[in-house]
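Quick notes on the structure that follows.
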Amino acid sequence: MKAAPNGKCAPPAAVLVAGNERSLQVVADDGQHQSVHMRDLTPYRWLAMFLASILAITGRAAEKIAHVPDCPPPNPTLLNSRWPARWIAPPGVSLTDYGVFLFRKRFTVARDAGKFVVHISADNRYRLFVNGEFVCNGPQRGDRMRWHYDSVDLRDFLHGGENTLAVQVWNFGEERPYALMSLQTGLIVQGDGPGEQVVNTGEGWRVFINRAFMPLPVSRERFRTFIVVGPGEQIDGTRHPWDWEMPEFDDSRWAAPRVMEPGMPRGYGTDAARWLVPRNLPRFCESTPGNGVLFGAIRRVVGATAPSPGFLSRQSPWTIPAKTSARLLLDQAALINGFPQLVVSNGRGAKVTLAYAEALVDANSRKGNRDEIDGREVRGVEDCFLPDGGAKRLFTTLDYRTWRYVEMRIETETEPLTVDAVYCIPTGYPFVENGEFRANDPELARVWEVGWRTARLCADETYMDCPYYERLQYVGDTRIQALVSLYVSGDDRLMRNAITLFEQSRIPEGLTQSRYPSHTPQVINTFSLFWIAMVHDYWMLRDDPTFLAAQLRGVQGVLDWFEERIDAKTGLLGPLPYWTFVDWSDEWARNRGLDIGGEPPGAHTGGSSIVTLQFAIALDQAAELHHAFGGTELAARCARLAANLRAAVMRTCWDDARKLLADTPDKREFSQHANALAILAGAVRDDAARELITKVIADKSLVQCTLYFRFYLLRALKAAGLGDQYLEQLGPWRDMLALGLTTFAERPEPTRSDCHAWSASPVYEFLATVCGVEPASPGFKSVRIEPHLGKLAHAEGVVPHPAGLIRVTIDRAGTDGMHATVELPGSLTGELVWAGRRVALRPGKQDVTF
């Protein structure tokens, strides 16, 4: 929170919105559309407009983006010896309760100091400023055994002479998000070499307890659902030390911090409170305060005169008279994750509340069409800002928010309040959209756009299930998210990080925790099996033997846990402790009166065909992994056990009268889930598999798969040889588009979360099934391309590969024919398959006609 830079808000650059060979339509600085003739475009203006347009299209501001320094490797001595820097904390307060704390350090550098690398971490979180400029925030989420620090080269922020390091640190206390691990409030800054160690935390730092901040807890009772993203905030401008991060600020009355234990790298020392490890993910690109993304529209104004047309583009302020109660409904046009930025002047004694929502709701809490506002209101997380009457005060939040709609509620007292600007600084994992998909069905482009937005918004320092309600990395969600992100971006770092975190989360019995990091443990036994699937996916997509070999002990630990619970009489899994979640099918909870949802029949009594088949699939995947890494005996054992489980399921649960697999041996309940897994496990094959999946998709009397498990249902459709029917099964996704969703939801209506990345699976399938691009051998060392166009006449895709980009274009030729153009990068080889015919593919570009 600070005064707006230069006392004003800069307007956006011109953005290209349309054009032809003679002229371009642009949005100019004043927000007006203009036609610009091509002959009037200088190379510089053309480039500036092009870059601004790219930034706007990708959801970033069409303005200056903050410099994000590279992450230099730390000094090797800091990886294996105690740090000279020590953790520091505010004096005289509880270090586990809520609090916001400001730290400052003045230091001198030579005029031509060159690189100036520092390593910084905090508990819970920090924001770093140098000489008043925002640098970065962090740390990357982890746990006490692996507490991350950021490495930053500050050379571009320093000048010869005196400089100021300023760090905002906060602890959410009891209200902290589930995804945040914590020991106690603390900050550590370590200079990389002798010259940089002048900034080491310890003596010479100053600290201020910022009591302007107060948490606004989010009530689960009010929301009537599970929400664990941390509190909203109340920020009292009259108690805040404005411009505290600026070099000229007087901190002489600030206190000396409490100096605590030294920093300890992981594996060093005997009594480390936190073991420090370097960040292993890229930092996020975030624009600086004063720049950002604008709101799309004002949808409703109550209690005051509406702002002028230039308000949203930051061209003209909005003044609310004294003694006024007003409401302004802002529409972002699409869901976004970001830090709200509110710039106000005057209005001492006023109260400004920002309320954030994915969608508006009616009196019965129903969302309905997400574009409609009549008779609907915002119910959501709220922040409250109390202006002090100063000019151009910029309020923002400690943590980011998620919204499509924001309602600004203003109560003024004896002074009018001027809202100079309201906008957003977006945040998220810096995925690059390297993959592409196009087809002659234009609605599929919308599915791709919305699906990829869903996946991006569900990724920051980890994958996460949803950005609004939980921000927790669950194994079941993450397996699908990782496939989407690898196929679209090619960036495997978040997937590696997820696999590692889940392995590190394993409990003594062998299972992974279902979500991690999380300060509240949860175990979903089936998700441990999906963790094995993730390891197998990574093995097929990346040549990374050292990393993969390190996962095998954990893989076997999970399998051993399940093997110990096989019932000797039936050959199926017996009663299973913990949460045996499979899918959010309403029938399962309703039929058995369970308080906890998502569990199939037999989860706690034994005999679940669904979980037994999932175990068999994991065993087959583990057998391939063990065999690849020399574990021949373990591989054979896994394969034998998988075969025994398949046989037991078919012997005890197949209903010959219905020609379906039942959920348990008593054959009272039947689901799509059990039958899809029977095909994926290889228990039902060839013609029988095609007959079964056709019946299962058509039979609405079965317990239906929701959006999450439809990934496996439609994978079974492809495994049965009916991949050409995939696009016909996208009805639920088309329905969400018709309802105005700009991301894909957690489950069919009524849904809690409007943004759940497990529902982004069509983005992956457009490339893996429709274009048919999948690895033919481990490490993606060869490729198999088997398109499934369905009723499409044309499709084309681009898939990032470690060697470059795989490009595929397919056009139907007559009833059964096809013409394809395929380009393989580097030395990659493979095969193209169409209607049972095969053609070998070589590196480079080639045309194939069937």
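Residues in the structure tokens are named by chain (A, B, ... in the order shown) and by number from 1 within that chain; ligands are numbered from 1 in the order shown.
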Discussion item. Can you tell me which residues surround range 465-475 of chain A at a distance of at most 9 Å, considering only C-alpha atoms, apart from same-chain residues fewer than 5 positions away, and format the answer as an NGL selection string?
Written reply: :A and (177-179 or 225-230 or 337 or 357-358 or 381 or 401-403 or 454 or 457-460 or 480 or 498-499 or 502 or 512-518 or 527-528 or 530-531 or 534 or 746 or 752-758)
Using only N, CA and C atoms, please write the residues we just selected to a file, as a compact mmCIF listing (two decimals), in the first residue's frame.
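Full text of part_22.txt as output:
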```txt
# COMPACT_ATOMS: atom_id res chain seq x y z
N PRO A 177 -4.22 -19.16 5.01
CA PRO A 177 -4.73 -20.16 4.07
C PRO A 177 -4.21 -21.56 4.40
N TYR A 178 -5.00 -22.56 4.10
CA TYR A 178 -4.58 -23.94 4.34
C TYR A 178 -3.26 -24.25 3.63
N ALA A 179 -3.03 -23.62 2.47
CA ALA A 179 -1.86 -23.95 1.67
C ALA A 179 -0.57 -23.35 2.22
N THR A 225 -20.05 -23.31 2.48
CA THR A 225 -19.17 -24.20 1.72
C THR A 225 -17.78 -24.13 2.30
N PHE A 226 -16.90 -24.95 1.78
CA PHE A 226 -15.52 -25.04 2.23
C PHE A 226 -14.72 -23.94 1.54
N ILE A 227 -14.20 -22.97 2.31
CA ILE A 227 -13.38 -21.91 1.75
C ILE A 227 -12.23 -21.65 2.71
N VAL A 228 -10.99 -21.77 2.22
CA VAL A 228 -9.82 -21.76 3.11
C VAL A 228 -8.66 -20.96 2.49
N VAL A 229 -8.99 -19.83 1.85
CA VAL A 229 -7.96 -19.05 1.15
C VAL A 229 -7.41 -17.91 2.01
N GLY A 230 -7.78 -17.86 3.27
CA GLY A 230 -7.29 -16.78 4.12
C GLY A 230 -8.31 -15.67 4.25
N ASN A 337 -7.15 -13.61 -11.70
CA ASN A 337 -6.47 -13.60 -10.41
C ASN A 337 -5.60 -12.34 -10.38
N ALA A 357 -16.50 -11.65 -6.60
CA ALA A 357 -17.31 -12.84 -6.88
C ALA A 357 -16.99 -13.40 -8.25
N GLU A 358 -17.04 -14.74 -8.35
CA GLU A 358 -16.94 -15.39 -9.65
C GLU A 358 -18.21 -15.15 -10.46
N VAL A 381 -15.79 -12.79 -0.84
CA VAL A 381 -14.70 -12.28 -0.02
C VAL A 381 -14.68 -10.76 -0.12
N ARG A 401 -6.69 -11.71 -5.13
CA ARG A 401 -8.10 -12.09 -5.13
C ARG A 401 -8.46 -12.67 -6.49
N THR A 402 -9.61 -13.34 -6.53
CA THR A 402 -10.13 -13.92 -7.77
C THR A 402 -11.53 -13.36 -8.00
N TRP A 403 -11.79 -12.91 -9.23
CA TRP A 403 -13.11 -12.38 -9.50
C TRP A 403 -13.39 -12.29 -10.99
N THR A 454 -8.83 -21.47 -17.66
CA THR A 454 -9.09 -22.22 -16.43
C THR A 454 -7.79 -22.81 -15.88
N LEU A 457 -5.42 -20.02 -14.47
CA LEU A 457 -5.86 -19.43 -13.20
C LEU A 457 -5.73 -20.41 -12.03
N CYS A 458 -5.55 -21.69 -12.34
CA CYS A 458 -5.38 -22.70 -11.29
C CYS A 458 -3.91 -23.08 -11.14
N ALA A 459 -3.02 -22.12 -11.31
CA ALA A 459 -1.59 -22.39 -11.16
C ALA A 459 -0.90 -21.12 -10.68
N ASP A 460 -0.24 -21.21 -9.54
CA ASP A 460 0.65 -20.14 -9.11
C ASP A 460 1.95 -20.77 -8.63
N ILE A 480 -4.44 -34.12 -14.04
CA ILE A 480 -5.03 -33.60 -15.27
C ILE A 480 -4.41 -32.25 -15.63
N ALA A 498 5.29 -30.58 -8.30
CA ALA A 498 4.13 -31.25 -7.72
C ALA A 498 4.46 -32.70 -7.35
N ILE A 499 5.09 -33.42 -8.26
CA ILE A 499 5.46 -34.81 -7.99
C ILE A 499 6.34 -34.88 -6.74
N PHE A 502 4.32 -34.11 -3.46
CA PHE A 502 3.48 -35.23 -3.04
C PHE A 502 4.32 -36.37 -2.46
N THR A 512 0.55 -40.96 0.05
CA THR A 512 0.74 -39.51 -0.04
C THR A 512 -0.43 -38.82 0.64
N GLN A 513 -0.21 -37.59 1.08
CA GLN A 513 -1.35 -36.78 1.44
C GLN A 513 -2.07 -36.39 0.16
N SER A 514 -3.36 -36.12 0.28
CA SER A 514 -4.16 -35.85 -0.92
C SER A 514 -3.88 -34.47 -1.49
N ARG A 515 -3.44 -33.55 -0.62
CA ARG A 515 -3.14 -32.18 -1.04
C ARG A 515 -1.90 -31.74 -0.28
N TYR A 516 -1.06 -30.99 -0.97
CA TYR A 516 0.18 -30.56 -0.33
C TYR A 516 0.80 -29.47 -1.19
N PRO A 517 1.34 -28.42 -0.50
CA PRO A 517 1.41 -28.21 0.93
C PRO A 517 0.05 -27.85 1.53
N SER A 518 -0.15 -28.27 2.76
CA SER A 518 -1.36 -27.94 3.50
C SER A 518 -1.05 -28.10 4.98
N PHE A 527 -6.08 -40.96 -4.32
CA PHE A 527 -5.21 -39.95 -4.93
C PHE A 527 -3.75 -40.40 -4.90
N SER A 528 -3.39 -41.26 -3.96
CA SER A 528 -2.04 -41.81 -3.98
C SER A 528 -1.81 -42.64 -5.24
N PHE A 530 -3.29 -42.01 -8.11
CA PHE A 530 -3.14 -41.04 -9.20
C PHE A 530 -1.76 -40.37 -9.16
N TRP A 531 -1.14 -40.32 -7.99
CA TRP A 531 0.24 -39.82 -7.95
C TRP A 531 1.16 -40.75 -8.76
N MET A 534 0.75 -39.91 -12.24
CA MET A 534 1.51 -38.70 -12.58
C MET A 534 2.97 -39.02 -12.86
N GLU A 746 -16.34 -26.61 -11.40
CA GLU A 746 -15.97 -27.79 -10.61
C GLU A 746 -16.85 -28.98 -10.93
N ARG A 752 -20.15 -25.08 -6.88
CA ARG A 752 -19.50 -24.15 -5.96
C ARG A 752 -18.52 -23.27 -6.73
N SER A 753 -17.51 -23.89 -7.31
CA SER A 753 -16.42 -23.17 -7.95
C SER A 753 -16.68 -23.04 -9.45
N ASP A 754 -16.50 -21.81 -9.97
CA ASP A 754 -16.63 -21.58 -11.40
C ASP A 754 -15.32 -21.84 -12.14
N CYS A 755 -14.27 -22.12 -11.42
CA CYS A 755 -12.96 -22.31 -12.06
C CYS A 755 -12.26 -23.49 -11.40
N HIS A 756 -12.23 -24.61 -12.10
CA HIS A 756 -11.64 -25.83 -11.56
C HIS A 756 -10.87 -26.51 -12.68
N ALA A 757 -9.55 -26.60 -12.53
CA ALA A 757 -8.73 -27.03 -13.66
C ALA A 757 -8.93 -28.48 -14.05
N TRP A 758 -9.52 -29.31 -13.19
CA TRP A 758 -9.76 -30.68 -13.64
C TRP A 758 -10.78 -30.71 -14.78
```
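Residue neighbourhood of His626 in chain A, excluding near-sequence residues (fewer than 2 positions): A:Ala549, A:Leu552, A:Val555, A:Gln556, A:Asp620, A:Gln621, A:Ala622, A:Ala623, A:Glu624, A:Ala628, A:Phe629, A:Gly630, A:Gly631, A:Thr632, A:Glu633, A:Leu634, A:Ala635, A:Ala636, A:Cys638, at 10 Å, using only C-alpha atoms.
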Worksheet item: Which residues, written as number ranges by chain, have at least one atom at most 8 Å from Cys136 in chain A, with only C-alpha atoms counted and residues fewer than 5 positions away on the same chain left out?
Response: A: 68, 127-129, 283
Give the alpha helix (DSSP H) residues of range 535-580 of chain A, as assigned by DSSP on the backbone, as a PDB file with N, CA, C and O atoms, in the first residue's frame.
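And here's out-v8.pdb as it stands now:
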```
ATOM      1  N   VAL A 535       3.552 -39.856 -12.021  1.00  0.00           N
ATOM      2  CA  VAL A 535       4.947 -40.253 -12.236  1.00  0.00           C
ATOM      3  C   VAL A 535       5.075 -40.957 -13.586  1.00  0.00           C
ATOM      4  O   VAL A 535       6.020 -40.712 -14.355  1.00  0.00           O
ATOM      5  N   HIS A 536       4.120 -41.812 -13.901  1.00  0.00           N
ATOM      6  CA  HIS A 536       4.137 -42.526 -15.184  1.00  0.00           C
ATOM      7  C   HIS A 536       3.962 -41.554 -16.343  1.00  0.00           C
ATOM      8  O   HIS A 536       4.647 -41.673 -17.373  1.00  0.00           O
ATOM      9  N   ASP A 537       3.060 -40.592 -16.207  1.00  0.00           N
ATOM     10  CA  ASP A 537       2.881 -39.575 -17.251  1.00  0.00           C
ATOM     11  C   ASP A 537       4.193 -38.853 -17.510  1.00  0.00           C
ATOM     12  O   ASP A 537       4.589 -38.633 -18.670  1.00  0.00           O
ATOM     13  N   TYR A 538       4.856 -38.464 -16.431  1.00  0.00           N
ATOM     14  CA  TYR A 538       6.103 -37.714 -16.576  1.00  0.00           C
ATOM     15  C   TYR A 538       7.173 -38.574 -17.253  1.00  0.00           C
ATOM     16  O   TYR A 538       7.953 -38.090 -18.082  1.00  0.00           O
ATOM     17  N   TRP A 539       7.191 -39.849 -16.906  1.00  0.00           N
ATOM     18  CA  TRP A 539       8.143 -40.790 -17.521  1.00  0.00           C
ATOM     19  C   TRP A 539       7.920 -40.880 -19.032  1.00  0.00           C
ATOM     20  O   TRP A 539       8.872 -40.933 -19.811  1.00  0.00           O
ATOM     21  N   MET A 540       6.675 -40.877 -19.455  1.00  0.00           N
ATOM     22  CA  MET A 540       6.385 -40.949 -20.886  1.00  0.00           C
ATOM     23  C   MET A 540       6.718 -39.637 -21.599  1.00  0.00           C
ATOM     24  O   MET A 540       7.096 -39.640 -22.771  1.00  0.00           O
ATOM     25  N   LEU A 541       6.582 -38.505 -20.911  1.00  0.00           N
ATOM     26  CA  LEU A 541       6.706 -37.203 -21.561  1.00  0.00           C
ATOM     27  C   LEU A 541       8.087 -36.576 -21.436  1.00  0.00           C
ATOM     28  O   LEU A 541       8.408 -35.649 -22.181  1.00  0.00           O
ATOM     29  N   PRO A 545      15.763 -39.524 -16.069  1.00  0.00           N
ATOM     30  CA  PRO A 545      15.871 -40.769 -15.293  1.00  0.00           C
ATOM     31  C   PRO A 545      16.247 -40.560 -13.828  1.00  0.00           C
ATOM     32  O   PRO A 545      15.753 -41.299 -12.969  1.00  0.00           O
ATOM     33  N   THR A 546      17.110 -39.614 -13.531  1.00  0.00           N
ATOM     34  CA  THR A 546      17.519 -39.421 -12.131  1.00  0.00           C
ATOM     35  C   THR A 546      16.340 -39.007 -11.275  1.00  0.00           C
ATOM     36  O   THR A 546      16.115 -39.541 -10.177  1.00  0.00           O
ATOM     37  N   PHE A 547      15.570 -38.052 -11.762  1.00  0.00           N
ATOM     38  CA  PHE A 547      14.388 -37.596 -11.026  1.00  0.00           C
ATOM     39  C   PHE A 547      13.389 -38.737 -10.845  1.00  0.00           C
ATOM     40  O   PHE A 547      12.841 -38.945  -9.761  1.00  0.00           O
ATOM     41  N   LEU A 548      13.140 -39.486 -11.900  1.00  0.00           N
ATOM     42  CA  LEU A 548      12.142 -40.546 -11.832  1.00  0.00           C
ATOM     43  C   LEU A 548      12.572 -41.692 -10.922  1.00  0.00           C
ATOM     44  O   LEU A 548      11.757 -42.234 -10.161  1.00  0.00           O
ATOM     45  N   ALA A 549      13.849 -42.044 -10.966  1.00  0.00           N
ATOM     46  CA  ALA A 549      14.328 -43.125 -10.104  1.00  0.00           C
ATOM     47  C   ALA A 549      14.117 -42.788  -8.635  1.00  0.00           C
ATOM     48  O   ALA A 549      13.856 -43.680  -7.803  1.00  0.00           O
ATOM     49  N   LEU A 552      10.668 -43.985  -7.101  1.00  0.00           N
ATOM     50  CA  LEU A 552      10.231 -45.383  -7.103  1.00  0.00           C
ATOM     51  C   LEU A 552       9.983 -45.936  -5.705  1.00  0.00           C
ATOM     52  O   LEU A 552       9.092 -46.770  -5.511  1.00  0.00           O
ATOM     53  N   ARG A 553      10.760 -45.502  -4.732  1.00  0.00           N
ATOM     54  CA  ARG A 553      10.515 -45.980  -3.372  1.00  0.00           C
ATOM     55  C   ARG A 553       9.134 -45.560  -2.889  1.00  0.00           C
ATOM     56  O   ARG A 553       8.396 -46.343  -2.274  1.00  0.00           O
ATOM     57  N   GLY A 554       8.774 -44.303  -3.190  1.00  0.00           N
ATOM     58  CA  GLY A 554       7.440 -43.841  -2.819  1.00  0.00           C
ATOM     59  C   GLY A 554       6.349 -44.564  -3.569  1.00  0.00           C
ATOM     60  O   GLY A 554       5.295 -44.890  -3.003  1.00  0.00           O
ATOM     61  N   VAL A 555       6.565 -44.823  -4.839  1.00  0.00           N
ATOM     62  CA  VAL A 555       5.592 -45.566  -5.636  1.00  0.00           C
ATOM     63  C   VAL A 555       5.328 -46.929  -5.012  1.00  0.00           C
ATOM     64  O   VAL A 555       4.177 -47.346  -4.830  1.00  0.00           O
ATOM     65  N   GLN A 556       6.393 -47.613  -4.646  1.00  0.00           N
ATOM     66  CA  GLN A 556       6.216 -48.942  -4.063  1.00  0.00           C
ATOM     67  C   GLN A 556       5.581 -48.874  -2.691  1.00  0.00           C
ATOM     68  O   GLN A 556       4.806 -49.760  -2.303  1.00  0.00           O
ATOM     69  N   GLY A 557       5.864 -47.799  -1.953  1.00  0.00           N
ATOM     70  CA  GLY A 557       5.235 -47.636  -0.649  1.00  0.00           C
ATOM     71  C   GLY A 557       3.721 -47.518  -0.746  1.00  0.00           C
ATOM     72  O   GLY A 557       2.983 -48.083   0.073  1.00  0.00           O
ATOM     73  N   VAL A 558       3.251 -46.806  -1.748  1.00  0.00           N
ATOM     74  CA  VAL A 558       1.805 -46.695  -1.973  1.00  0.00           C
ATOM     75  C   VAL A 558       1.222 -48.053  -2.343  1.00  0.00           C
ATOM     76  O   VAL A 558       0.184 -48.481  -1.801  1.00  0.00           O
ATOM     77  N   LEU A 559       1.861 -48.759  -3.250  1.00  0.00           N
ATOM     78  CA  LEU A 559       1.351 -50.063  -3.684  1.00  0.00           C
ATOM     79  C   LEU A 559       1.301 -51.052  -2.525  1.00  0.00           C
ATOM     80  O   LEU A 559       0.344 -51.837  -2.403  1.00  0.00           O
ATOM     81  N   ASP A 560       2.324 -51.027  -1.690  1.00  0.00           N
ATOM     82  CA  ASP A 560       2.345 -51.950  -0.549  1.00  0.00           C
ATOM     83  C   ASP A 560       1.171 -51.698   0.375  1.00  0.00           C
ATOM     84  O   ASP A 560       0.580 -52.641   0.922  1.00  0.00           O
ATOM     85  N   TRP A 561       0.816 -50.423   0.573  1.00  0.00           N
ATOM     86  CA  TRP A 561      -0.319 -50.086   1.456  1.00  0.00           C
ATOM     87  C   TRP A 561      -1.595 -50.731   0.929  1.00  0.00           C
ATOM     88  O   TRP A 561      -2.371 -51.318   1.699  1.00  0.00           O
ATOM     89  N   PHE A 562      -1.812 -50.617  -0.372  1.00  0.00           N
ATOM     90  CA  PHE A 562      -3.031 -51.191  -0.945  1.00  0.00           C
ATOM     91  C   PHE A 562      -2.974 -52.718  -0.965  1.00  0.00           C
ATOM     92  O   PHE A 562      -3.986 -53.390  -0.702  1.00  0.00           O
ATOM     93  N   GLU A 563      -1.806 -53.270  -1.254  1.00  0.00           N
ATOM     94  CA  GLU A 563      -1.711 -54.731  -1.317  1.00  0.00           C
ATOM     95  C   GLU A 563      -2.041 -55.365   0.032  1.00  0.00           C
ATOM     96  O   GLU A 563      -2.675 -56.435   0.085  1.00  0.00           O
TER      97      GLU A 563
END
```
Give me, as a PDB file with N, CA, C and O atoms, in the first residue's frame, all polymer residues having an atom no more than 6 Å from range 274-282 of chain A, counting only C-alpha atoms and skipping those fewer than 5 positions away in the same chain.
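Wrote out39.pdb, looks like this:
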```
ATOM      1  N   ARG A 144       8.432 -26.755   6.362  1.00  0.00           N
ATOM      2  CA  ARG A 144       9.583 -26.418   7.202  1.00  0.00           C
ATOM      3  C   ARG A 144      10.826 -27.216   6.829  1.00  0.00           C
ATOM      4  O   ARG A 144      11.951 -26.773   7.056  1.00  0.00           O
ATOM      5  N   MET A 145      10.636 -28.389   6.236  1.00  0.00           N
ATOM      6  CA  MET A 145      11.783 -29.182   5.803  1.00  0.00           C
ATOM      7  C   MET A 145      12.397 -28.642   4.521  1.00  0.00           C
ATOM      8  O   MET A 145      13.552 -28.923   4.213  1.00  0.00           O
ATOM      9  N   ARG A 146      11.622 -27.872   3.787  1.00  0.00           N
ATOM     10  CA  ARG A 146      12.081 -27.292   2.518  1.00  0.00           C
ATOM     11  C   ARG A 146      11.470 -25.900   2.397  1.00  0.00           C
ATOM     12  O   ARG A 146      10.503 -25.693   1.672  1.00  0.00           O
ATOM     13  N   TRP A 147      12.057 -24.958   3.125  1.00  0.00           N
ATOM     14  CA  TRP A 147      11.557 -23.580   3.128  1.00  0.00           C
ATOM     15  C   TRP A 147      12.307 -22.808   2.044  1.00  0.00           C
ATOM     16  O   TRP A 147      13.512 -22.651   2.105  1.00  0.00           O
ATOM     17  N   HIS A 148      11.590 -22.321   1.062  1.00  0.00           N
ATOM     18  CA  HIS A 148      12.226 -21.724  -0.110  1.00  0.00           C
ATOM     19  C   HIS A 148      12.692 -20.298   0.146  1.00  0.00           C
ATOM     20  O   HIS A 148      12.082 -19.551   0.918  1.00  0.00           O
ATOM     21  N   TYR A 149      13.769 -19.955  -0.525  1.00  0.00           N
ATOM     22  CA  TYR A 149      14.205 -18.557  -0.566  1.00  0.00           C
ATOM     23  C   TYR A 149      14.376 -18.140  -2.013  1.00  0.00           C
ATOM     24  O   TYR A 149      14.578 -18.972  -2.904  1.00  0.00           O
ATOM     25  N   ASP A 150      14.254 -16.841  -2.254  1.00  0.00           N
ATOM     26  CA  ASP A 150      14.409 -16.273  -3.581  1.00  0.00           C
ATOM     27  C   ASP A 150      15.779 -15.650  -3.709  1.00  0.00           C
ATOM     28  O   ASP A 150      16.286 -15.029  -2.759  1.00  0.00           O
ATOM     29  N   MET A 264      19.684 -21.845   7.921  1.00  0.00           N
ATOM     30  CA  MET A 264      20.282 -23.170   7.775  1.00  0.00           C
ATOM     31  C   MET A 264      19.876 -23.789   6.446  1.00  0.00           C
ATOM     32  O   MET A 264      18.681 -23.972   6.185  1.00  0.00           O
ATOM     33  N   PRO A 265      20.830 -24.093   5.562  1.00  0.00           N
ATOM     34  CA  PRO A 265      20.471 -24.797   4.323  1.00  0.00           C
ATOM     35  C   PRO A 265      20.032 -26.219   4.632  1.00  0.00           C
ATOM     36  O   PRO A 265      20.456 -26.806   5.642  1.00  0.00           O
ATOM     37  N   ARG A 266      19.202 -26.762   3.781  1.00  0.00           N
ATOM     38  CA  ARG A 266      18.681 -28.117   4.010  1.00  0.00           C
ATOM     39  C   ARG A 266      19.825 -29.114   4.144  1.00  0.00           C
ATOM     40  O   ARG A 266      20.776 -29.141   3.355  1.00  0.00           O
TER      41      ARG A 266
END
```
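One finds CA of Tyr356 in chain A at 12.3 Å from CA of Cys424 in chain A.
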Discussion item. Env of Leu417 in chain A: 12 Å cut, atoms = only C-alpha atoms, seq-sep filter 6 positions within chain, self excluded. Answer as a PyMOL selection string.
Written reply: chain A and resi 304+317-326+343-352+386-393+410-411
